[in-house]
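Text of query-v3.pdb (PDB, C-alpha atoms) as supplied:
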```
ATOM      1  CA  MET A1239     162.498  70.467 131.304
ATOM      2  CA  THR A1240     160.245  67.808 132.761
ATOM      3  CA  GLN A1241     161.910  64.727 134.135
ATOM      4  CA  ARG A1242     162.417  62.035 131.514
ATOM      5  CA  VAL A1243     161.269  58.502 132.101
ATOM      6  CA  ALA A1244     163.616  55.687 131.166
ATOM      7  CA  LEU A1245     162.815  51.995 130.962
ATOM      8  CA  VAL A1246     165.693  49.543 131.152
ATOM      9  CA  THR A1247     164.773  45.956 130.315
ATOM     10  CA  GLY A1248     166.740  43.390 132.272
ATOM     11  CA  GLY A1249     167.773  46.191 134.608
ATOM     12  CA  SER A1250     168.265  44.198 137.777
ATOM     13  CA  ARG A1251     171.766  42.879 137.188
ATOM     14  CA  GLY A1252     175.018  43.342 135.285
ATOM     15  CA  ILE A1253     175.081  45.874 132.472
ATOM     16  CA  GLY A1254     171.372  46.702 132.821
ATOM     17  CA  ARG A1255     171.829  47.531 136.488
ATOM     18  CA  ALA A1256     174.676  49.928 135.694
ATOM     19  CA  ILE A1257     172.621  51.562 132.928
ATOM     20  CA  ALA A1258     169.627  52.072 135.234
ATOM     21  CA  ILE A1259     171.825  53.685 137.887
ATOM     22  CA  GLU A1260     173.627  55.918 135.373
ATOM     23  CA  LEU A1261     170.400  57.116 133.718
ATOM     24  CA  ALA A1262     169.035  57.965 137.170
ATOM     25  CA  HIS A1263     172.271  59.826 137.869
ATOM     26  CA  GLN A1264     171.652  61.796 134.649
ATOM     27  CA  GLY A1265     168.247  62.833 135.959
ATOM     28  CA  CYS A1266     165.833  60.285 134.490
ATOM     29  CA  SER A1267     163.142  58.536 136.490
ATOM     30  CA  VAL A1268     163.934  54.899 135.856
ATOM     31  CA  ALA A1269     161.769  51.801 135.500
ATOM     32  CA  VAL A1270     163.885  48.744 136.258
ATOM     33  CA  ASN A1271     162.447  45.744 134.438
ATOM     34  CA  TYR A1272     163.182  42.224 135.641
ATOM     35  CA  THR A1273     161.886  38.773 134.803
ATOM     36  CA  ALA A1274     162.507  36.640 137.879
ATOM     37  CA  ARG A1275     164.827  38.493 140.246
ATOM     38  CA  ALA A1276     162.482  40.922 141.991
ATOM     39  CA  ASP A1277     164.910  41.183 144.918
ATOM     40  CA  ALA A1278     167.758  42.254 142.632
ATOM     41  CA  ALA A1279     165.545  44.821 140.895
ATOM     42  CA  GLU A1280     164.415  46.224 144.250
ATOM     43  CA  GLU A1281     168.070  46.522 145.265
ATOM     44  CA  VAL A1282     168.711  48.653 142.151
ATOM     45  CA  VAL A1283     165.664  50.776 142.966
ATOM     46  CA  ALA A1284     166.946  51.229 146.520
ATOM     47  CA  ALA A1285     170.402  52.242 145.271
ATOM     48  CA  ILE A1286     168.838  54.866 142.988
ATOM     49  CA  THR A1287     166.438  56.137 145.637
ATOM     50  CA  GLU A1288     169.180  56.431 148.270
ATOM     51  CA  ALA A1289     171.165  58.559 145.822
ATOM     52  CA  GLY A1290     168.181  60.930 145.530
ATOM     53  CA  GLY A1291     166.739  59.538 142.310
ATOM     54  CA  THR A1292     163.379  58.086 141.343
ATOM     55  CA  ALA A1293     162.920  54.470 140.308
ATOM     56  CA  VAL A1294     160.418  51.619 140.299
ATOM     57  CA  ALA A1295     160.807  47.902 139.627
ATOM     58  CA  VAL A1296     158.526  46.319 137.025
ATOM     59  CA  GLY A1297     158.384  42.583 136.484
ATOM     60  CA  ALA A1298     157.612  41.332 132.971
ATOM     61  CA  ASP A1299     158.724  38.699 130.507
ATOM     62  CA  VAL A1300     159.549  41.118 127.703
ATOM     63  CA  SER A1301     159.288  38.396 125.065
ATOM     64  CA  ASP A1302     155.530  38.279 125.757
ATOM     65  CA  ALA A1303     153.457  40.952 123.984
ATOM     66  CA  ASP A1304     150.723  41.122 126.622
ATOM     67  CA  ALA A1305     153.285  41.377 129.419
ATOM     68  CA  VAL A1306     155.026  44.211 127.577
ATOM     69  CA  ALA A1307     151.750  46.108 127.161
ATOM     70  CA  THR A1308     150.957  45.692 130.857
ATOM     71  CA  MET A1309     154.478  46.762 131.819
ATOM     72  CA  PHE A1310     154.272  49.993 129.813
ATOM     73  CA  GLU A1311     150.868  50.791 131.317
ATOM     74  CA  ALA A1312     152.287  50.301 134.798
ATOM     75  CA  VAL A1313     155.337  52.464 134.111
ATOM     76  CA  THR A1314     153.251  55.223 132.537
ATOM     77  CA  GLU A1315     150.970  55.235 135.548
ATOM     78  CA  LYS A1316     153.788  55.287 138.097
ATOM     79  CA  LEU A1317     156.364  57.517 136.411
ATOM     80  CA  GLY A1318     154.899  58.931 133.188
ATOM     81  CA  ARG A1319     155.412  58.287 129.509
ATOM     82  CA  VAL A1320     158.603  56.412 128.607
ATOM     83  CA  THR A1321     160.854  58.493 126.343
ATOM     84  CA  VAL A1322     164.122  56.641 126.927
ATOM     85  CA  LEU A1323     164.082  52.908 126.203
ATOM     86  CA  VAL A1324     167.087  50.672 126.704
ATOM     87  CA  ASN A1325     166.564  47.206 125.244
ATOM     88  CA  ASN A1326     169.051  45.388 127.410
ATOM     89  CA  ALA A1327     167.386  42.140 128.503
ATOM     90  CA  GLY A1328     169.356  39.249 127.096
ATOM     91  CA  ILE A1329     170.119  35.601 127.641
ATOM     92  CA  THR A1330     172.573  33.064 126.284
ATOM     93  CA  MET A1331     171.947  29.388 125.584
ATOM     94  CA  ASP A1332     175.271  28.464 124.000
ATOM     95  CA  ASN A1333     175.859  25.343 122.002
ATOM     96  CA  LEU A1334     177.621  24.317 118.841
ATOM     97  CA  THR A1335     175.233  24.759 115.960
ATOM     98  CA  MET A1336     175.298  21.001 115.379
ATOM     99  CA  ARG A1337     174.177  20.496 118.971
ATOM    100  CA  MET A1338     171.835  23.479 119.304
ATOM    101  CA  SER A1339     168.187  22.621 119.808
ATOM    102  CA  GLU A1340     165.365  24.478 118.138
ATOM    103  CA  GLU A1341     164.218  25.512 121.604
ATOM    104  CA  GLU A1342     167.638  27.010 122.412
ATOM    105  CA  PHE A1343     167.542  28.965 119.195
ATOM    106  CA  ASP A1344     163.956  30.173 119.557
ATOM    107  CA  ARG A1345     164.248  31.204 123.193
ATOM    108  CA  VAL A1346     167.343  33.353 122.655
ATOM    109  CA  ILE A1347     165.782  35.020 119.611
ATOM    110  CA  ALA A1348     162.578  35.647 121.570
ATOM    111  CA  VAL A1349     164.255  37.305 124.558
ATOM    112  CA  ASN A1350     167.022  39.175 122.746
ATOM    113  CA  LEU A1351     165.405  40.118 119.440
ATOM    114  CA  LYS A1352     161.611  39.807 119.559
ATOM    115  CA  ALA A1353     161.453  41.556 122.924
ATOM    116  CA  THR A1354     163.414  44.458 121.458
ATOM    117  CA  PHE A1355     160.787  44.738 118.735
ATOM    118  CA  LEU A1356     157.866  44.537 121.163
ATOM    119  CA  CYS A1357     159.276  47.150 123.549
ATOM    120  CA  THR A1358     160.329  49.430 120.696
ATOM    121  CA  LYS A1359     156.894  49.301 119.082
ATOM    122  CA  THR A1360     155.133  50.059 122.340
ATOM    123  CA  ALA A1361     157.539  52.809 123.389
ATOM    124  CA  LEU A1362     157.256  54.539 120.015
ATOM    125  CA  ARG A1363     153.574  55.277 120.629
ATOM    126  CA  GLY A1364     154.537  57.532 123.504
ATOM    127  CA  MET A1365     157.672  58.913 121.868
ATOM    128  CA  LEU A1366     155.740  59.937 118.735
ATOM    129  CA  ARG A1367     153.306  61.832 120.940
ATOM    130  CA  GLU A1368     156.200  63.551 122.716
ATOM    131  CA  LYS A1369     158.072  64.100 119.430
ATOM    132  CA  TRP A1370     161.205  63.098 121.325
ATOM    133  CA  GLY A1371     162.688  59.749 122.147
ATOM    134  CA  ARG A1372     165.860  57.753 122.625
ATOM    135  CA  ILE A1373     166.093  54.030 122.021
ATOM    136  CA  VAL A1374     169.318  52.163 122.691
ATOM    137  CA  ASN A1375     169.621  48.474 121.853
ATOM    138  CA  ILE A1376     172.292  46.539 123.678
ATOM    139  CA  SER A1377     174.046  44.399 121.101
ATOM    140  CA  SER A1378     177.359  42.561 121.467
ATOM    141  CA  VAL A1379     180.639  42.195 119.623
ATOM    142  CA  ALA A1380     179.363  38.659 118.957
ATOM    143  CA  GLY A1381     176.709  40.278 116.753
ATOM    144  CA  ILE A1382     179.455  41.894 114.664
ATOM    145  CA  SER A1383     182.206  39.280 114.597
ATOM    146  CA  GLY A1384     180.288  36.102 115.429
ATOM    147  CA  ASN A1385     181.324  33.654 118.131
ATOM    148  CA  PRO A1386     181.537  29.872 118.113
ATOM    149  CA  GLY A1387     178.742  28.305 120.143
ATOM    150  CA  GLN A1388     176.624  31.427 119.827
ATOM    151  CA  ALA A1389     174.842  31.171 116.480
ATOM    152  CA  ASN A1390     171.584  32.031 118.232
ATOM    153  CA  TYR A1391     172.977  34.807 120.431
ATOM    154  CA  ALA A1392     175.142  36.354 117.691
ATOM    155  CA  ALA A1393     172.227  36.359 115.241
ATOM    156  CA  SER A1394     169.997  38.048 117.811
ATOM    157  CA  LYS A1395     172.655  40.681 118.544
ATOM    158  CA  ALA A1396     173.228  41.375 114.842
ATOM    159  CA  GLY A1397     169.457  41.626 114.578
ATOM    160  CA  VAL A1398     169.148  44.432 117.104
ATOM    161  CA  ILE A1399     171.766  46.434 115.179
ATOM    162  CA  ALA A1400     169.811  46.121 111.934
ATOM    163  CA  MET A1401     166.572  46.829 113.767
ATOM    164  CA  ALA A1402     168.067  50.015 115.200
ATOM    165  CA  LYS A1403     169.053  51.166 111.711
ATOM    166  CA  SER A1404     165.614  50.409 110.265
ATOM    167  CA  VAL A1405     163.626  52.059 113.050
ATOM    168  CA  ALA A1406     166.044  55.004 113.007
ATOM    169  CA  LYS A1407     165.087  55.640 109.377
ATOM    170  CA  GLU A1408     161.379  55.347 110.178
ATOM    171  CA  VAL A1409     161.240  57.820 113.070
ATOM    172  CA  GLY A1410     164.245  60.090 112.637
ATOM    173  CA  SER A1411     162.076  62.968 111.437
ATOM    174  CA  ARG A1412     160.134  62.879 114.712
ATOM    175  CA  GLY A1413     162.990  63.660 117.062
ATOM    176  CA  ILE A1414     163.540  60.015 117.954
ATOM    177  CA  THR A1415     166.954  58.395 117.671
ATOM    178  CA  VAL A1416     167.653  54.668 117.697
ATOM    179  CA  ASN A1417     171.155  53.337 118.234
ATOM    180  CA  ALA A1418     173.000  50.285 119.461
ATOM    181  CA  VAL A1419     175.855  49.729 121.877
ATOM    182  CA  ALA A1420     177.964  46.623 121.349
ATOM    183  CA  PRO A1421     179.872  45.612 124.482
ATOM    184  CA  GLY A1422     182.920  43.402 124.282
ATOM    185  CA  PHE A1423     183.957  41.296 127.281
ATOM    186  CA  ILE A1424     182.465  42.930 130.328
ATOM    187  CA  ALA A1425     182.875  41.637 133.880
ATOM    188  CA  THR A1426     179.372  40.341 134.672
ATOM    189  CA  ASP A1427     177.775  37.102 135.818
ATOM    190  CA  MET A1428     177.557  36.131 132.154
ATOM    191  CA  THR A1429     181.342  36.316 131.603
ATOM    192  CA  ALA A1430     182.215  35.065 135.130
ATOM    193  CA  ALA A1431     180.506  31.819 134.165
ATOM    194  CA  LEU A1432     183.284  31.286 131.602
ATOM    195  CA  GLY A1433     185.933  30.906 134.359
ATOM    196  CA  ASP A1434     189.136  32.800 135.270
ATOM    197  CA  GLU A1435     191.296  31.013 132.734
ATOM    198  CA  ALA A1436     189.056  31.943 129.833
ATOM    199  CA  ASN A1437     188.778  35.525 131.067
ATOM    200  CA  ASP A1438     192.591  35.851 131.367
ATOM    201  CA  ALA A1439     193.009  34.492 127.860
ATOM    202  CA  VAL A1440     190.475  37.004 126.551
ATOM    203  CA  ALA A1441     192.143  39.916 128.355
ATOM    204  CA  GLY A1442     195.346  39.180 126.407
ATOM    205  CA  SER A1443     193.576  39.904 123.139
ATOM    206  CA  ILE A1444     192.095  43.224 124.295
ATOM    207  CA  ALA A1445     194.118  46.351 123.467
ATOM    208  CA  VAL A1446     193.253  47.944 126.803
ATOM    209  CA  GLY A1447     194.408  44.723 128.510
ATOM    210  CA  ARG A1448     191.435  44.031 130.759
ATOM    211  CA  LEU A1449     187.742  43.234 130.791
ATOM    212  CA  GLY A1450     185.378  46.185 130.705
ATOM    213  CA  THR A1451     183.042  47.259 133.478
ATOM    214  CA  PRO A1452     179.254  47.596 133.279
ATOM    215  CA  GLU A1453     179.707  51.294 134.105
ATOM    216  CA  GLU A1454     181.739  51.774 130.925
ATOM    217  CA  ILE A1455     178.811  50.452 128.879
ATOM    218  CA  ALA A1456     176.363  52.587 130.851
ATOM    219  CA  ALA A1457     178.374  55.721 130.019
ATOM    220  CA  ALA A1458     177.963  55.107 126.279
ATOM    221  CA  VAL A1459     174.241  54.384 126.696
ATOM    222  CA  ALA A1460     173.702  57.510 128.787
ATOM    223  CA  PHE A1461     175.388  59.615 126.123
ATOM    224  CA  LEU A1462     173.195  58.193 123.350
ATOM    225  CA  ALA A1463     170.152  58.816 125.573
ATOM    226  CA  SER A1464     171.054  62.468 126.095
ATOM    227  CA  ASP A1465     170.004  65.596 124.203
ATOM    228  CA  ALA A1466     173.612  65.989 123.089
ATOM    229  CA  ALA A1467     173.339  62.858 120.922
ATOM    230  CA  GLY A1468     170.349  64.085 118.922
ATOM    231  CA  TYR A1469     172.221  63.968 115.607
ATOM    232  CA  ILE A1470     173.459  60.392 116.068
ATOM    233  CA  THR A1471     171.058  57.709 114.886
ATOM    234  CA  GLY A1472     171.219  54.234 113.392
ATOM    235  CA  GLN A1473     174.739  53.807 114.756
ATOM    236  CA  THR A1474     176.484  51.173 116.791
ATOM    237  CA  ILE A1475     179.067  52.215 119.368
ATOM    238  CA  VAL A1476     181.463  49.343 120.031
ATOM    239  CA  VAL A1477     182.701  49.456 123.619
ATOM    240  CA  ASP A1478     185.194  46.606 123.749
ATOM    241  CA  GLY A1479     188.562  48.016 124.850
ATOM    242  CA  GLY A1480     189.959  47.440 121.383
ATOM    243  CA  LEU A1481     189.056  43.752 121.148
ATOM    244  CA  ALA A1482     187.916  44.002 117.572
ATOM    245  CA  LEU A1483     190.946  45.939 116.303
TER     246      LEU A1483
ATOM    247  CA  MET B 831     128.279  59.719 118.388
ATOM    248  CA  ASP B 832     126.650  61.967 115.788
ATOM    249  CA  ARG B 833     128.212  61.751 112.316
ATOM    250  CA  SER B 834     128.482  65.482 111.760
ATOM    251  CA  ASP B 835     130.002  65.854 115.211
ATOM    252  CA  VAL B 836     132.659  63.277 114.370
ATOM    253  CA  GLU B 837     133.346  64.930 111.011
ATOM    254  CA  THR B 838     133.710  68.342 112.604
ATOM    255  CA  ARG B 839     136.088  67.161 115.304
ATOM    256  CA  MET B 840     138.022  65.075 112.767
ATOM    257  CA  LYS B 841     138.516  68.092 110.533
ATOM    258  CA  ALA B 842     139.599  70.273 113.455
ATOM    259  CA  LEU B 843     142.122  67.594 114.416
ATOM    260  CA  LEU B 844     143.508  67.276 110.903
ATOM    261  CA  VAL B 845     143.945  71.029 110.599
ATOM    262  CA  GLY B 846     144.985  71.830 114.144
ATOM    263  CA  GLU B 847     147.193  68.882 115.033
ATOM    264  CA  LEU B 848     148.532  67.802 111.663
ATOM    265  CA  GLY B 849     148.579  71.093 109.814
ATOM    266  CA  LEU B 850     146.547  69.928 106.827
ATOM    267  CA  GLU B 851     144.762  72.404 104.589
ATOM    268  CA  ALA B 852     141.081  72.662 105.532
ATOM    269  CA  ASP B 853     139.779  73.072 101.970
ATOM    270  CA  LYS B 854     141.390  69.797 100.864
ATOM    271  CA  ILE B 855     139.660  67.745 103.548
ATOM    272  CA  ASN B 856     136.597  65.768 102.481
ATOM    273  CA  ASN B 857     135.474  62.196 103.063
ATOM    274  CA  ASP B 858     137.006  60.939  99.805
ATOM    275  CA  ALA B 859     140.414  62.503 100.447
ATOM    276  CA  ARG B 860     143.147  59.874 100.726
ATOM    277  CA  PHE B 861     145.667  60.605 103.470
ATOM    278  CA  GLU B 862     148.811  59.680 101.587
ATOM    279  CA  GLU B 863     147.933  60.556  97.983
ATOM    280  CA  ASP B 864     145.667  63.600  98.377
ATOM    281  CA  LEU B 865     146.685  65.064 101.727
ATOM    282  CA  GLU B 866     150.388  64.224 101.424
ATOM    283  CA  VAL B 867     150.627  62.605 104.836
ATOM    284  CA  ASP B 868     153.517  60.113 104.950
ATOM    285  CA  SER B 869     152.955  56.552 106.183
ATOM    286  CA  LEU B 870     154.202  57.316 109.690
ATOM    287  CA  GLY B 871     152.015  60.421 109.633
ATOM    288  CA  VAL B 872     148.978  58.186 109.131
ATOM    289  CA  VAL B 873     150.041  56.176 112.185
ATOM    290  CA  GLU B 874     150.311  59.418 114.172
ATOM    291  CA  LEU B 875     146.936  60.550 112.858
ATOM    292  CA  LEU B 876     145.273  57.351 114.062
ATOM    293  CA  MET B 877     146.924  57.743 117.476
ATOM    294  CA  ALA B 878     145.567  61.295 117.624
ATOM    295  CA  LEU B 879     142.114  59.927 116.778
ATOM    296  CA  GLU B 880     142.435  57.391 119.581
ATOM    297  CA  ASP B 881     143.236  60.200 122.015
ATOM    298  CA  GLU B 882     140.529  62.546 120.695
ATOM    299  CA  PHE B 883     137.684  60.033 120.647
ATOM    300  CA  GLY B 884     138.828  57.611 123.337
ATOM    301  CA  VAL B 885     138.793  54.627 121.005
ATOM    302  CA  GLU B 886     141.318  51.927 120.179
ATOM    303  CA  ILE B 887     142.205  51.137 116.579
ATOM    304  CA  PRO B 888     144.092  47.832 116.250
ATOM    305  CA  ASP B 889     146.884  47.431 113.680
ATOM    306  CA  ASP B 890     144.939  45.178 111.307
ATOM    307  CA  GLU B 891     142.064  47.646 111.167
ATOM    308  CA  ALA B 892     144.367  50.637 110.857
ATOM    309  CA  GLU B 893     145.790  49.276 107.619
ATOM    310  CA  SER B 894     142.403  49.643 105.903
ATOM    311  CA  ILE B 895     141.866  53.248 106.982
ATOM    312  CA  LEU B 896     143.163  55.143 103.966
ATOM    313  CA  THR B 897     140.716  58.046 103.617
ATOM    314  CA  VAL B 898     139.158  60.696 105.864
ATOM    315  CA  GLY B 899     135.767  59.006 105.348
ATOM    316  CA  SER B 900     137.024  55.570 106.426
ATOM    317  CA  ALA B 901     138.517  57.138 109.557
ATOM    318  CA  VAL B 902     135.155  58.778 110.328
ATOM    319  CA  GLU B 903     133.393  55.433 109.843
ATOM    320  CA  ALA B 904     135.872  53.669 112.127
ATOM    321  CA  VAL B 905     135.288  56.198 114.908
ATOM    322  CA  ILE B 906     131.494  56.053 114.548
ATOM    323  CA  ALA B 907     131.548  52.234 114.612
ATOM    324  CA  LYS B 908     133.477  52.308 117.875
ATOM    325  CA  THR B 909     131.637  55.106 119.645
ATOM    326  CA  GLY B 910     128.165  53.927 118.646
TER     327      GLY B 910
END
```
Kindly return the structure encoded in the file as structure tokens.
Amino acid sequence: MTQRVALVTGGSRGIGRAIAIELAHQGCSVAVNYTARADAAEEVVAAITEAGGTAVAVGADVSDADAVATMFEAVTEKLGRVTVLVNNAGITMDNLTMRMSEEEFDRVIAVNLKATFLCTKTALRGMLREKWGRIVNISSVAGISGNPGQANYAASKAGVIAMAKSVAKEVGSRGITVNAVAPGFIATDMTAALGDEANDAVAGSIAVGRLGTPEEIAAAVAFLASDAAGYITGQTIVVDGGLAL
Amino acid sequence: MDRSDVETRMKALLVGELGLEADKINNDARFEEDLEVDSLGVVELLMALEDEFGVEIPDDEAESILTVGSAVEAVIAKTG
């Protein structure tokens, strides 16, 4: 089997970083996309390379169609055709709906939802030619249960679940699966910003009794990206330690 | 590119790559209705054309390519 090429958007930090490293561990060549933090992306590339894997960093604002096209061209040239796409890049701009600006709404939808569409559309061109592909959208429990202050974020994360189902139906007959992973509270910069008190309070409502790790999300993504998961499509795996129970 | 050359290569592509029946292929044949290619199959066909002839067919143009003949015309228009 030839080496598969994976592209992880927002792969320089947090959950994306763990996914990039795990996919490399599973034998993929990995393109680590970043928007601003080239140094962080290069650190991920170095970690993968030191472990004997293959990786490159690719900078691109994935909410921009031209930037996405250029990014895919660069990855194809450096590593080959992308057959594993992880739509992970995401931002939050929290505010009560009554206080949320149009700009806060639009920006979160652009980065979390529109970018998923743009990358999916572009990646499918290569996957259809290969007649094999794996797309995993990183959602959130907020996209299933909602969350106060996150009308924009929750809507975007519900959107990537519905998008996965729709695209799954379109391309299932071509050996391409499209799924979502919905993390609960995971220890990353995003949740650290909430403060220790808030994190302790959250841990009390999680059956497993602690926050999750990025590696625990990466494990679910790597499974969905594998050959073994070829009969799973249009699904959402909730990885939240029992938060939603 | 010469019209008959395009038509010949187009037909070879439709038969060889997409498994269509050679005797059903003519310029008036509609991909979905006559040749029973599904909508995603038409997308794949146009990608195969792009590869075969080294052209680029944008989405808005692709939507109007419904028959073998219109695909031939699109390729000729782009290859000169």
Could you please tell me, as JSON, numbers by chain, which residues of chain A have an atom within 12 Å of chain B when using only C-alpha atoms?
{"A": [1359, 1362, 1363, 1364, 1365, 1366, 1367, 1368, 1369, 1405, 1407, 1408, 1409, 1410, 1411, 1412]}
For the file shown, what are the residues hit by the PyMOL selection byres ((chain B and resi 836-845) around 9), laid out as a list in words?
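Applying the PyMOL selection byres ((chain B and resi 836-845) around 9) to the structure shown produces Met831, Asp832, Arg833, Ser834, Asp835, Gly846, Glu847, Leu848, Gly849, Leu850, Glu851, Ala852, Ile855, Asn856, Asn857, Leu875, Ala878, Leu879, Glu882, Phe883, Val898, Gly899, Ala901, Val902, Val905 and Ile906 of chain B.
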Once the PyMOL selection byres ((chain A and resi 1261) around 10) has been applied to the shown file, what residues remain in the selection, as a PyMOL selection string?
chain A and resi 1242-1246+1256-1260+1262-1268+1286+1291+1322+1456-1457+1459-1461+1463-1464
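Our summary of the geometry notes that CA of Ala1279 in chain A is positioned 17.0 Å from CA of Glu1453 in chain A.
Pairwise distance (CA of Asn1437 in chain A, CA of Ala1274 in chain A) equals 27.2 Å.
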Kindly resolve the PyMOL selection byres ((chain A and resi 1275) around 12) on the present coordinates and return the residues as a VMD selection string.
chain A and resid 1248 to 1251 1270 to 1274 1276 to 1282 1295 to 1299
re CA of Thr1471 in chain A and CA of Gln1388 in chain A: distance 27.3 Å
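In this comparison, which uses all atoms listed in the file, the residue of A:Leu1481, A:Val1440, A:Ala1458, A:Val1346 approaching Ile1382 in chain A most closely is A:Leu1481.
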Name all residues at most 12 Å from Glu1341 in chain A (count all atoms listed in the file; drop same-chain ones fewer than 5 positions away) and give them as JSON, numbers by chain.
{"A": [1331, 1332, 1333, 1346, 1347, 1348, 1390]}
Taking (170.3, 37.9, 112.8) in the file's own coordinates, collect the residues within 12 Å, counting all atoms listed in the file, and hand them back as a PDB file with C-alpha atoms, in the frame of the given file.
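Saved file selection_17.pdb follows:
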```
ATOM      1  CA  PHE A1343     167.542  28.965 119.195  1.00  0.00           C
ATOM      2  CA  VAL A1346     167.343  33.353 122.655  1.00  0.00           C
ATOM      3  CA  ILE A1347     165.782  35.020 119.611  1.00  0.00           C
ATOM      4  CA  ALA A1348     162.578  35.647 121.570  1.00  0.00           C
ATOM      5  CA  ASN A1350     167.022  39.175 122.746  1.00  0.00           C
ATOM      6  CA  LEU A1351     165.405  40.118 119.440  1.00  0.00           C
ATOM      7  CA  LYS A1352     161.611  39.807 119.559  1.00  0.00           C
ATOM      8  CA  SER A1377     174.046  44.399 121.101  1.00  0.00           C
ATOM      9  CA  ALA A1380     179.363  38.659 118.957  1.00  0.00           C
ATOM     10  CA  GLY A1381     176.709  40.278 116.753  1.00  0.00           C
ATOM     11  CA  ILE A1382     179.455  41.894 114.664  1.00  0.00           C
ATOM     12  CA  GLY A1384     180.288  36.102 115.429  1.00  0.00           C
ATOM     13  CA  GLN A1388     176.624  31.427 119.827  1.00  0.00           C
ATOM     14  CA  ALA A1389     174.842  31.171 116.480  1.00  0.00           C
ATOM     15  CA  ASN A1390     171.584  32.031 118.232  1.00  0.00           C
ATOM     16  CA  TYR A1391     172.977  34.807 120.431  1.00  0.00           C
ATOM     17  CA  ALA A1392     175.142  36.354 117.691  1.00  0.00           C
ATOM     18  CA  ALA A1393     172.227  36.359 115.241  1.00  0.00           C
ATOM     19  CA  SER A1394     169.997  38.048 117.811  1.00  0.00           C
ATOM     20  CA  LYS A1395     172.655  40.681 118.544  1.00  0.00           C
ATOM     21  CA  ALA A1396     173.228  41.375 114.842  1.00  0.00           C
ATOM     22  CA  GLY A1397     169.457  41.626 114.578  1.00  0.00           C
ATOM     23  CA  VAL A1398     169.148  44.432 117.104  1.00  0.00           C
ATOM     24  CA  ILE A1399     171.766  46.434 115.179  1.00  0.00           C
ATOM     25  CA  ALA A1400     169.811  46.121 111.934  1.00  0.00           C
ATOM     26  CA  MET A1401     166.572  46.829 113.767  1.00  0.00           C
TER      27      MET A1401
END
```
With the input short on atoms, add N, CA, C and O atoms back to range 851-861 of chain B and write it as a PDB file, in the frame of the given file.
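Listing of part_22.pdb after writing:
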```
ATOM      1  N   GLU B 851     145.543  71.276 105.094  1.00  0.00           N
ATOM      2  CA  GLU B 851     144.762  72.404 104.589  1.00  0.00           C
ATOM      3  C   GLU B 851     143.272  72.062 104.637  1.00  0.00           C
ATOM      4  O   GLU B 851     142.828  71.056 104.071  1.00  0.00           O
ATOM      5  N   ALA B 852     142.507  72.931 105.283  1.00  0.00           N
ATOM      6  CA  ALA B 852     141.081  72.662 105.532  1.00  0.00           C
ATOM      7  C   ALA B 852     140.303  72.430 104.249  1.00  0.00           C
ATOM      8  O   ALA B 852     139.447  71.531 104.184  1.00  0.00           O
ATOM      9  N   ASP B 853     140.592  73.190 103.186  1.00  0.00           N
ATOM     10  CA  ASP B 853     139.779  73.072 101.970  1.00  0.00           C
ATOM     11  C   ASP B 853     140.056  71.792 101.183  1.00  0.00           C
ATOM     12  O   ASP B 853     139.335  71.463 100.247  1.00  0.00           O
ATOM     13  N   LYS B 854     141.102  71.065 101.547  1.00  0.00           N
ATOM     14  CA  LYS B 854     141.390  69.797 100.864  1.00  0.00           C
ATOM     15  C   LYS B 854     140.724  68.608 101.555  1.00  0.00           C
ATOM     16  O   LYS B 854     140.717  67.499 101.047  1.00  0.00           O
ATOM     17  N   ILE B 855     140.181  68.859 102.752  1.00  0.00           N
ATOM     18  CA  ILE B 855     139.660  67.745 103.548  1.00  0.00           C
ATOM     19  C   ILE B 855     138.201  67.456 103.220  1.00  0.00           C
ATOM     20  O   ILE B 855     137.326  68.303 103.392  1.00  0.00           O
ATOM     21  N   ASN B 856     137.962  66.268 102.671  1.00  0.00           N
ATOM     22  CA  ASN B 856     136.597  65.768 102.481  1.00  0.00           C
ATOM     23  C   ASN B 856     136.657  64.268 102.688  1.00  0.00           C
ATOM     24  O   ASN B 856     137.750  63.694 102.830  1.00  0.00           O
ATOM     25  N   ASN B 857     135.497  63.618 102.717  1.00  0.00           N
ATOM     26  CA  ASN B 857     135.474  62.196 103.063  1.00  0.00           C
ATOM     27  C   ASN B 857     136.215  61.313 102.068  1.00  0.00           C
ATOM     28  O   ASN B 857     136.687  60.233 102.421  1.00  0.00           O
ATOM     29  N   ASP B 858     136.324  61.757 100.812  1.00  0.00           N
ATOM     30  CA  ASP B 858     137.006  60.939  99.805  1.00  0.00           C
ATOM     31  C   ASP B 858     138.517  61.153  99.794  1.00  0.00           C
ATOM     32  O   ASP B 858     139.249  60.401  99.157  1.00  0.00           O
ATOM     33  N   ALA B 859     138.980  62.181 100.490  1.00  0.00           N
ATOM     34  CA  ALA B 859     140.414  62.503 100.447  1.00  0.00           C
ATOM     35  C   ALA B 859     141.244  61.371 101.036  1.00  0.00           C
ATOM     36  O   ALA B 859     140.982  60.896 102.136  1.00  0.00           O
ATOM     37  N   ARG B 860     142.241  60.929 100.252  1.00  0.00           N
ATOM     38  CA  ARG B 860     143.147  59.874 100.726  1.00  0.00           C
ATOM     39  C   ARG B 860     144.309  60.530 101.461  1.00  0.00           C
ATOM     40  O   ARG B 860     144.888  61.527 100.984  1.00  0.00           O
ATOM     41  N   PHE B 861     144.644  59.972 102.625  1.00  0.00           N
ATOM     42  CA  PHE B 861     145.667  60.605 103.470  1.00  0.00           C
ATOM     43  C   PHE B 861     147.002  60.745 102.743  1.00  0.00           C
ATOM     44  O   PHE B 861     147.587  61.827 102.709  1.00  0.00           O
TER      45      PHE B 861
END
```
